[in-house]
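To keep things clear, I will list the structure first and then write my remarks on it.
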Amino acid sequence: MNRRLPATLRELSECFRSKSLDPLTFTEHTLHRASDRAKHLNAFVRISSQTALQQAEASTQRHRSGSTLGPLDGATIAVKDNFCTRNVATTCASRMLESFVPTYSATVWERLERGGAVLVGKTNMDQFGMGSGTVDSIFGPTRNCWSESLEGERFRIAGGSSGGSAVAVASGVCFAALGSDTGGSTRNPASYCGVVGLKPTYGLLSRHGLIPLVNSMDVPGILSRTVKDCATVLNAIAGPDERDSTTVKKPFKPVELPESICLKGLRIGIPVEYHCEGLSEEVLHTWAKVADMLEDAGATVTSVSLPYTSASIFVYSILNQCEVSSNMSRYDGIEFGLRSDEDASTEQLYARSRAEGFNGVVKNRILTGNYFLLRKNYDKFFQKALQVRRLIAEDFDKAFTKVDFLLTPTTLSSAPLYEDFVQGTNRDQCAVQDFCTQPANMGGIPAISLPIRLSEHKLPISLQLMGPNFSEQNLLTVAKWIESQVEFEHLCATND
């Protein structure tokens, strides 16, 4: 395919409508790119070629029939490997689920498929979503596509745990991807890979079919090249789901982004607590520059305080590990998960199956969570963490009576080198990498990461915008304005 390829979902739809391109041909090209040009990045754990070609052929027939079709019909989408996809293996990048082939699909993917989306494949991740680098996977680490010139083990991490999805979008393999976000797992890799990453309000998207990590914080996330594409995917998947009791019951009003955006009267808050230890000078400079840009456009920019931010990472660590220990208990080698081949008693079978199926990170969190949940420790750790979580949420509620949105860094720096990242423990890295992102999960509020500029080392630097619950319409509108001003140049080539 020697032509300029569409760069956005709107351009793709226009190509299909004008018949200058058809979904089947485009999907064949996409599959080739995923298995050839992007293979070394290890973004995908499997390419679903047969499924994709069948879906693309059906989309081509629909386009030829002259039917009125949605903006996602024929669009190539990737899905993180912790979302169930009917008849396509879903492993959570763990030996524990290496043979699991679901008979049903997650609601969010089911809705995309109904809209005509084409499944390119399942993307790499940290096992069961436990990590901030996409380095703890049975399939090996994912490489950040902004550091392809480095050799051997000298590469930049993609971020995690949705690093495979971020790289799939950033490298130009697909237009959008599904990730999951428990403490920043969509926004963190979006920041490192220079793409848009949205964590919607808790309850706006169904979690049915998303293999749980932390039920009270898990949210399906969206990764895309542009804010407009992000809104398009959100409109396709948001809304009530009778199979998930945590979704809001009221109908979802689709996001409509205006062509002309005025920021006059908008109130932007800069949380003082996010000026934290380890924040790089480049990120700090970028943060200040965008704040000035918003002020010059008519917005009011003021400092606000979120006093319990410093406690948030500790609360997150306790609640995360408590819920992990509960959720992982189902994988016993009898009802669910890998079953050890060694003959043993029931108790030994449990132990051997888990020893073989889980990596050290997962086992560590299970053990720590069980410790926190012991009767003698329950009030001291779990109950206290719940109480402080409420205070963190109240911090946001109070702040949003004074400002409309909060502008913060997404990550403390650009993407670290793999060799530097793996020197610390997984828990230590999560505490550092998720400092700016996980408070939004504590409060359940929406947040979006936007690429702003390149660092001295030609790596993306991103900022985060947070808003009140169910403010996606206005949040994405402001994000679109920022995007239009910074004009970030995406890495993915549109020519092949």
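Each chain in the structure tokens gets a letter, A, B and so on, in the order shown; residues start at 1 in every chain, and ligands are counted from 1 in the order they appear.
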
Looking only at the backbone, which of the residues in range 84-226 of chain A does DSSP tag as strand (DSSP E or B), as a ChimeraX atom specification? /A:85,88,118-123,143,156-157,176-181,196-199,205,210,219-224

field: Shell around Lys384 in chain A at 10 Å using only C-alpha atoms, local window under 6 positions removed, as a PyMOL selection string
entry: chain A and resi 315+318+378

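Counting from CA of Thr302 in chain A, the distance to CA of Gly194 in chain A is 27.0 Å.
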
Counting only C-alpha atoms, closest pick from A:Phe175, A:Tyr202, A:Tyr274, A:Trp287 relative to Asp229 in chain A is A:Phe175

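Minimum atom-to-atom distance to Gly163 in chain A, evaluated using only C-alpha atoms, belongs to A:Ala415 out of A:Leu12, A:Asn359, A:Ala415, A:Arg339.
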
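Backbone DSSP of range 61-125 of chain A yields helix (DSSP H, G or I) at A:Gln61, A:Arg62, A:His63, A:Arg64, A:Arg95, A:Met96, A:Leu97, A:Thr107, A:Val108, A:Trp109, A:Glu110, A:Arg111, A:Leu112, A:Glu113, A:Arg114.
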
Write out the residues from the selection above, keeping all heavy atoms, as a compact mmCIF listing (two decimals), in the first residue's frame.
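Saved the output as out_5.txt:
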# COMPACT_ATOMS: atom_id res chain seq x y z
N GLN A 61 -18.46 -5.25 2.89
CA GLN A 61 -19.78 -5.51 2.28
C GLN A 61 -20.79 -4.45 2.69
O GLN A 61 -21.61 -4.00 1.87
CB GLN A 61 -20.27 -6.91 2.67
CG GLN A 61 -19.44 -8.05 2.12
CD GLN A 61 -19.36 -8.03 0.60
OE1 GLN A 61 -20.35 -7.71 -0.09
NE2 GLN A 61 -18.20 -8.37 0.06
N ARG A 62 -20.75 -4.05 3.95
CA ARG A 62 -21.68 -3.01 4.41
C ARG A 62 -21.42 -1.69 3.69
O ARG A 62 -22.36 -0.98 3.31
CB ARG A 62 -21.56 -2.81 5.93
CG ARG A 62 -22.14 -3.96 6.74
CD ARG A 62 -22.26 -3.59 8.22
NE ARG A 62 -20.97 -3.34 8.85
CZ ARG A 62 -20.23 -4.27 9.43
NH1 ARG A 62 -20.63 -5.54 9.42
NH2 ARG A 62 -19.07 -3.96 10.01
N HIS A 63 -20.15 -1.34 3.51
CA HIS A 63 -19.82 -0.10 2.81
C HIS A 63 -20.25 -0.15 1.35
O HIS A 63 -20.72 0.83 0.79
CB HIS A 63 -18.32 0.20 2.92
CG HIS A 63 -17.92 0.82 4.22
ND1 HIS A 63 -17.61 0.08 5.34
CD2 HIS A 63 -17.79 2.12 4.59
CE1 HIS A 63 -17.29 0.89 6.33
NE2 HIS A 63 -17.40 2.14 5.91
N ARG A 64 -20.10 -1.31 0.72
CA ARG A 64 -20.49 -1.44 -0.68
C ARG A 64 -21.99 -1.38 -0.88
O ARG A 64 -22.47 -1.00 -1.93
CB ARG A 64 -19.94 -2.76 -1.24
CG ARG A 64 -18.43 -2.74 -1.47
CD ARG A 64 -17.92 -4.10 -1.89
NE ARG A 64 -16.46 -4.05 -2.11
CZ ARG A 64 -15.71 -5.14 -2.30
NH1 ARG A 64 -16.28 -6.34 -2.30
NH2 ARG A 64 -14.41 -5.02 -2.50
N ARG A 95 0.72 -16.97 33.12
CA ARG A 95 0.60 -18.42 32.92
C ARG A 95 -0.71 -18.93 33.50
O ARG A 95 -1.26 -19.94 33.03
CB ARG A 95 1.76 -19.16 33.59
CG ARG A 95 3.03 -19.23 32.79
CD ARG A 95 3.88 -20.41 33.24
NE ARG A 95 3.26 -21.68 32.87
CZ ARG A 95 3.53 -22.85 33.47
NH1 ARG A 95 4.37 -22.88 34.50
NH2 ARG A 95 2.95 -23.96 33.08
N MET A 96 -1.21 -18.26 34.53
CA MET A 96 -2.42 -18.73 35.19
C MET A 96 -3.59 -18.84 34.21
O MET A 96 -4.46 -19.70 34.36
CB MET A 96 -2.77 -17.79 36.35
CG MET A 96 -3.97 -18.23 37.17
SD MET A 96 -3.80 -19.87 37.90
CE MET A 96 -2.71 -19.54 39.29
N LEU A 97 -3.64 -17.97 33.19
CA LEU A 97 -4.76 -17.98 32.25
C LEU A 97 -4.30 -18.25 30.81
O LEU A 97 -5.00 -17.91 29.87
CB LEU A 97 -5.48 -16.62 32.30
CG LEU A 97 -6.30 -16.33 33.56
CD1 LEU A 97 -6.89 -14.93 33.50
CD2 LEU A 97 -7.41 -17.35 33.76
N THR A 107 -18.33 -6.13 27.65
CA THR A 107 -19.34 -5.22 27.09
C THR A 107 -18.72 -4.13 26.23
O THR A 107 -19.24 -3.82 25.15
CB THR A 107 -20.15 -4.57 28.23
OG1 THR A 107 -20.88 -5.60 28.92
CG2 THR A 107 -21.14 -3.54 27.69
N VAL A 108 -17.60 -3.56 26.67
CA VAL A 108 -17.00 -2.46 25.90
C VAL A 108 -16.54 -2.93 24.53
O VAL A 108 -16.70 -2.23 23.52
CB VAL A 108 -15.85 -1.78 26.68
CG1 VAL A 108 -16.40 -0.93 27.81
CG2 VAL A 108 -14.84 -2.81 27.20
N TRP A 109 -15.95 -4.14 24.46
CA TRP A 109 -15.56 -4.65 23.14
C TRP A 109 -16.78 -5.07 22.33
O TRP A 109 -16.85 -4.85 21.12
CB TRP A 109 -14.58 -5.81 23.24
CG TRP A 109 -14.43 -6.47 21.89
CD1 TRP A 109 -14.77 -7.72 21.53
CD2 TRP A 109 -13.93 -5.83 20.70
NE1 TRP A 109 -14.52 -7.93 20.19
CE2 TRP A 109 -14.02 -6.78 19.65
CE3 TRP A 109 -13.44 -4.56 20.41
CZ2 TRP A 109 -13.61 -6.50 18.35
CZ3 TRP A 109 -13.06 -4.26 19.10
CH2 TRP A 109 -13.14 -5.22 18.10
N GLU A 110 -17.75 -5.65 22.99
CA GLU A 110 -18.99 -6.06 22.31
C GLU A 110 -19.65 -4.87 21.62
O GLU A 110 -20.13 -4.96 20.48
CB GLU A 110 -19.95 -6.65 23.36
CG GLU A 110 -21.16 -7.36 22.81
CD GLU A 110 -21.99 -7.96 23.94
OE1 GLU A 110 -22.65 -7.18 24.67
OE2 GLU A 110 -21.95 -9.18 24.12
N ARG A 111 -19.64 -3.71 22.28
CA ARG A 111 -20.25 -2.51 21.70
C ARG A 111 -19.41 -1.98 20.53
O ARG A 111 -19.96 -1.49 19.54
CB ARG A 111 -20.44 -1.45 22.78
CG ARG A 111 -21.52 -1.83 23.78
CD ARG A 111 -21.67 -0.83 24.92
NE ARG A 111 -22.77 -1.22 25.80
CZ ARG A 111 -23.10 -0.60 26.92
NH1 ARG A 111 -22.41 0.48 27.32
NH2 ARG A 111 -24.11 -1.01 27.65
N LEU A 112 -18.09 -2.06 20.65
CA LEU A 112 -17.25 -1.65 19.53
C LEU A 112 -17.45 -2.57 18.33
O LEU A 112 -17.54 -2.12 17.19
CB LEU A 112 -15.78 -1.65 19.96
CG LEU A 112 -15.33 -0.54 20.89
CD1 LEU A 112 -13.90 -0.79 21.37
CD2 LEU A 112 -15.43 0.82 20.21
N GLU A 113 -17.52 -3.86 18.61
CA GLU A 113 -17.72 -4.83 17.53
C GLU A 113 -19.06 -4.62 16.85
O GLU A 113 -19.18 -4.71 15.62
CB GLU A 113 -17.63 -6.25 18.11
CG GLU A 113 -17.61 -7.35 17.07
CD GLU A 113 -17.40 -8.71 17.69
OE1 GLU A 113 -17.78 -8.91 18.87
OE2 GLU A 113 -16.87 -9.59 16.99
N ARG A 114 -20.07 -4.30 17.65
CA ARG A 114 -21.39 -4.02 17.08
C ARG A 114 -21.35 -2.79 16.18
O ARG A 114 -22.11 -2.68 15.22
CB ARG A 114 -22.40 -3.81 18.23
CG ARG A 114 -23.87 -3.88 17.81
CD ARG A 114 -24.77 -3.60 19.02
NE ARG A 114 -24.44 -4.49 20.12
CZ ARG A 114 -24.49 -4.16 21.40
NH1 ARG A 114 -24.83 -2.92 21.75
NH2 ARG A 114 -24.21 -5.03 22.34

Exercise. Fewer than 2 positions away in the same chain doesn't count, so skip those; otherwise give me all residues within 9 Å of Ala58 in chain A, counting only C-alpha atoms, as a count of residues only.
Key: 12

Could you give me, as JSON lines, a per-residue list for range 227-341 of chain A showing, wherever an atom lies at most 10 Å from an atom of range 444-453 of chain A, the closest pair of atoms and their distance in Å to one decimal, using only C-alpha atoms and sorting by chain then residue number from low to high?
{"residue": "A:Val227", "atom": "CA", "partner": "A:Leu450", "partner_atom": "CA", "distance": 8.5}
{"residue": "A:Cys230", "atom": "CA", "partner": "A:Ile448", "partner_atom": "CA", "distance": 10.0}
{"residue": "A:Glu282", "atom": "CA", "partner": "A:Arg453", "partner_atom": "CA", "distance": 9.9}
{"residue": "A:Val283", "atom": "CA", "partner": "A:Arg453", "partner_atom": "CA", "distance": 9.7}
{"residue": "A:Thr286", "atom": "CA", "partner": "A:Ile452", "partner_atom": "CA", "distance": 7.6}
{"residue": "A:Trp287", "atom": "CA", "partner": "A:Ile452", "partner_atom": "CA", "distance": 9.3}
{"residue": "A:Val290", "atom": "CA", "partner": "A:Ile452", "partner_atom": "CA", "distance": 8.5}

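One finds CA of Gly278 in chain A at 16.0 Å from CA of Ser455 in chain A.
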
message: Quick one: residues within 9 Å of Gly221 in chain A, only C-alpha atoms, excluding same-chain residues fewer than 5 positions away - as a ChimeraX atom specification?
response: /A:177-181,185-187,197-200,205

Residues near range 248-250 of chain A, cut-off 9 Å, only C-alpha atoms, skip fewer than 6 positions along chain, as a short mmCIF file (atom, residue, chain, number, x, y, z; two decimals) with all heavy atoms, in the first residue's frame:
data_model
loop_
_atom_site.label_atom_id
_atom_site.label_comp_id
_atom_site.auth_asym_id
_atom_site.auth_seq_id
_atom_site.Cartn_x
_atom_site.Cartn_y
_atom_site.Cartn_z
N TYR A 202 -15.80 6.63 37.08
CA TYR A 202 -16.15 5.27 37.50
C TYR A 202 -17.66 5.07 37.36
O TYR A 202 -18.45 5.87 37.86
CB TYR A 202 -15.73 5.05 38.96
CG TYR A 202 -15.96 3.65 39.46
CD1 TYR A 202 -14.98 2.67 39.28
CD2 TYR A 202 -17.15 3.29 40.09
CE1 TYR A 202 -15.18 1.38 39.73
CE2 TYR A 202 -17.35 1.99 40.54
CZ TYR A 202 -16.37 1.04 40.35
OH TYR A 202 -16.57 -0.26 40.79
N GLY A 203 -18.05 4.04 36.66
CA GLY A 203 -19.46 3.74 36.47
C GLY A 203 -20.00 4.18 35.12
O GLY A 203 -21.13 3.82 34.76
N LEU A 204 -19.22 4.96 34.37
CA LEU A 204 -19.68 5.40 33.05
C LEU A 204 -19.54 4.28 32.03
O LEU A 204 -20.35 4.17 31.10
CB LEU A 204 -18.90 6.63 32.60
CG LEU A 204 -19.39 7.30 31.31
CD1 LEU A 204 -20.79 7.88 31.50
CD2 LEU A 204 -18.42 8.40 30.87
N LEU A 205 -18.51 3.44 32.19
CA LEU A 205 -18.28 2.32 31.29
C LEU A 205 -18.45 1.01 32.05
O LEU A 205 -18.05 0.90 33.21
CB LEU A 205 -16.87 2.36 30.70
CG LEU A 205 -16.46 3.61 29.92
CD1 LEU A 205 -15.08 3.42 29.31
CD2 LEU A 205 -17.46 3.94 28.84
N GLY A 239 -22.35 4.00 28.78
CA GLY A 239 -23.77 3.83 29.07
C GLY A 239 -24.06 2.65 29.97
O GLY A 239 -23.19 1.83 30.25
N PRO A 240 -25.29 2.56 30.44
CA PRO A 240 -25.68 1.51 31.40
C PRO A 240 -25.51 0.11 30.83
O PRO A 240 -25.59 -0.11 29.62
CB PRO A 240 -27.17 1.80 31.65
CG PRO A 240 -27.39 3.20 31.19
CD PRO A 240 -26.41 3.45 30.10
N ASP A 241 -25.28 -0.83 31.73
CA ASP A 241 -25.17 -2.24 31.36
C ASP A 241 -25.80 -3.06 32.47
O ASP A 241 -25.33 -3.04 33.60
CB ASP A 241 -23.71 -2.62 31.16
CG ASP A 241 -23.53 -4.08 30.77
OD1 ASP A 241 -24.52 -4.73 30.40
OD2 ASP A 241 -22.38 -4.58 30.84
N GLU A 242 -26.83 -3.80 32.15
CA GLU A 242 -27.53 -4.58 33.18
C GLU A 242 -26.65 -5.70 33.74
O GLU A 242 -26.94 -6.25 34.82
CB GLU A 242 -28.82 -5.18 32.60
CG GLU A 242 -28.60 -6.13 31.45
CD GLU A 242 -29.90 -6.66 30.88
OE1 GLU A 242 -30.97 -6.11 31.23
OE2 GLU A 242 -29.83 -7.62 30.09
#

Write out, as CSV, each residue of range 166-247 of chain A that has an atom at most 10 Å from range 31-34 of chain A, together with the closest pair of atoms and their distance in Å to one decimal, counting only C-alpha atoms, rows going by chain and rising number.
residue,atom,partner,partner_atom,distance
A:Ala168,CA,A:Ala34,CA,8.0
A:Ser171,CA,A:Ala34,CA,9.1
A:Gly172,CA,A:Arg33,CA,8.6
A:Val173,CA,A:Ala34,CA,5.8
A:Cys174,CA,A:Ala34,CA,8.7

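The interatomic distance for the pair CA of Asp244 in chain A and CA of Ile366 in chain A works out to 25.1 Å.
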
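Here the question is which of A:Tyr316, A:Tyr308, A:Phe83, A:Phe358 gets nearest to Leu210 in chain A using only C-alpha atoms, and that residue is A:Phe83.
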
Counting only C-alpha atoms, which residues in range 289-357 of chain A sit no more than 12 Å from range 475-489 of chain A? For each one, give the nearest pair of atoms and the distance in Å, sorted by chain then residue number, as a tab-separated table.
residue	atom	partner	partner_atom	distance
A:Lys289	CA	A:Val486	CA	10.4
A:Val290	CA	A:Ile482	CA	7.9
A:Ala291	CA	A:Ile482	CA	10.2
A:Asp292	CA	A:Ile482	CA	11.6
A:Met293	CA	A:Gln485	CA	8.5
A:Leu294	CA	A:Ile482	CA	8.1
A:Glu295	CA	A:Ile482	CA	11.8
A:Asp296	CA	A:Gln485	CA	11.8
A:Ala297	CA	A:Trp481	CA	10.1
A:Ala299	CA	A:Val478	CA	10.7

Residue with the minimum atom-to-atom distance to Met217 in chain A, picked from A:Arg389, A:Lys264, A:Arg4, A:Arg46 with only C-alpha atoms counted, is A:Arg389

Residue with the minimum atom-to-atom distance to Glu419 in chain A, picked from A:Ile157, A:Gln464, A:Ala238, A:Gly164 with only C-alpha atoms counted, is A:Ile157

Distance query Cys92 in chain A at most 8 Å, only C-alpha atoms, self and fewer than 6 positions along chain excluded, as a list in words:
Asp81, Asn82, Met125, Asp126, Gln127, Phe128, Gly129 and Ile211 of chain A
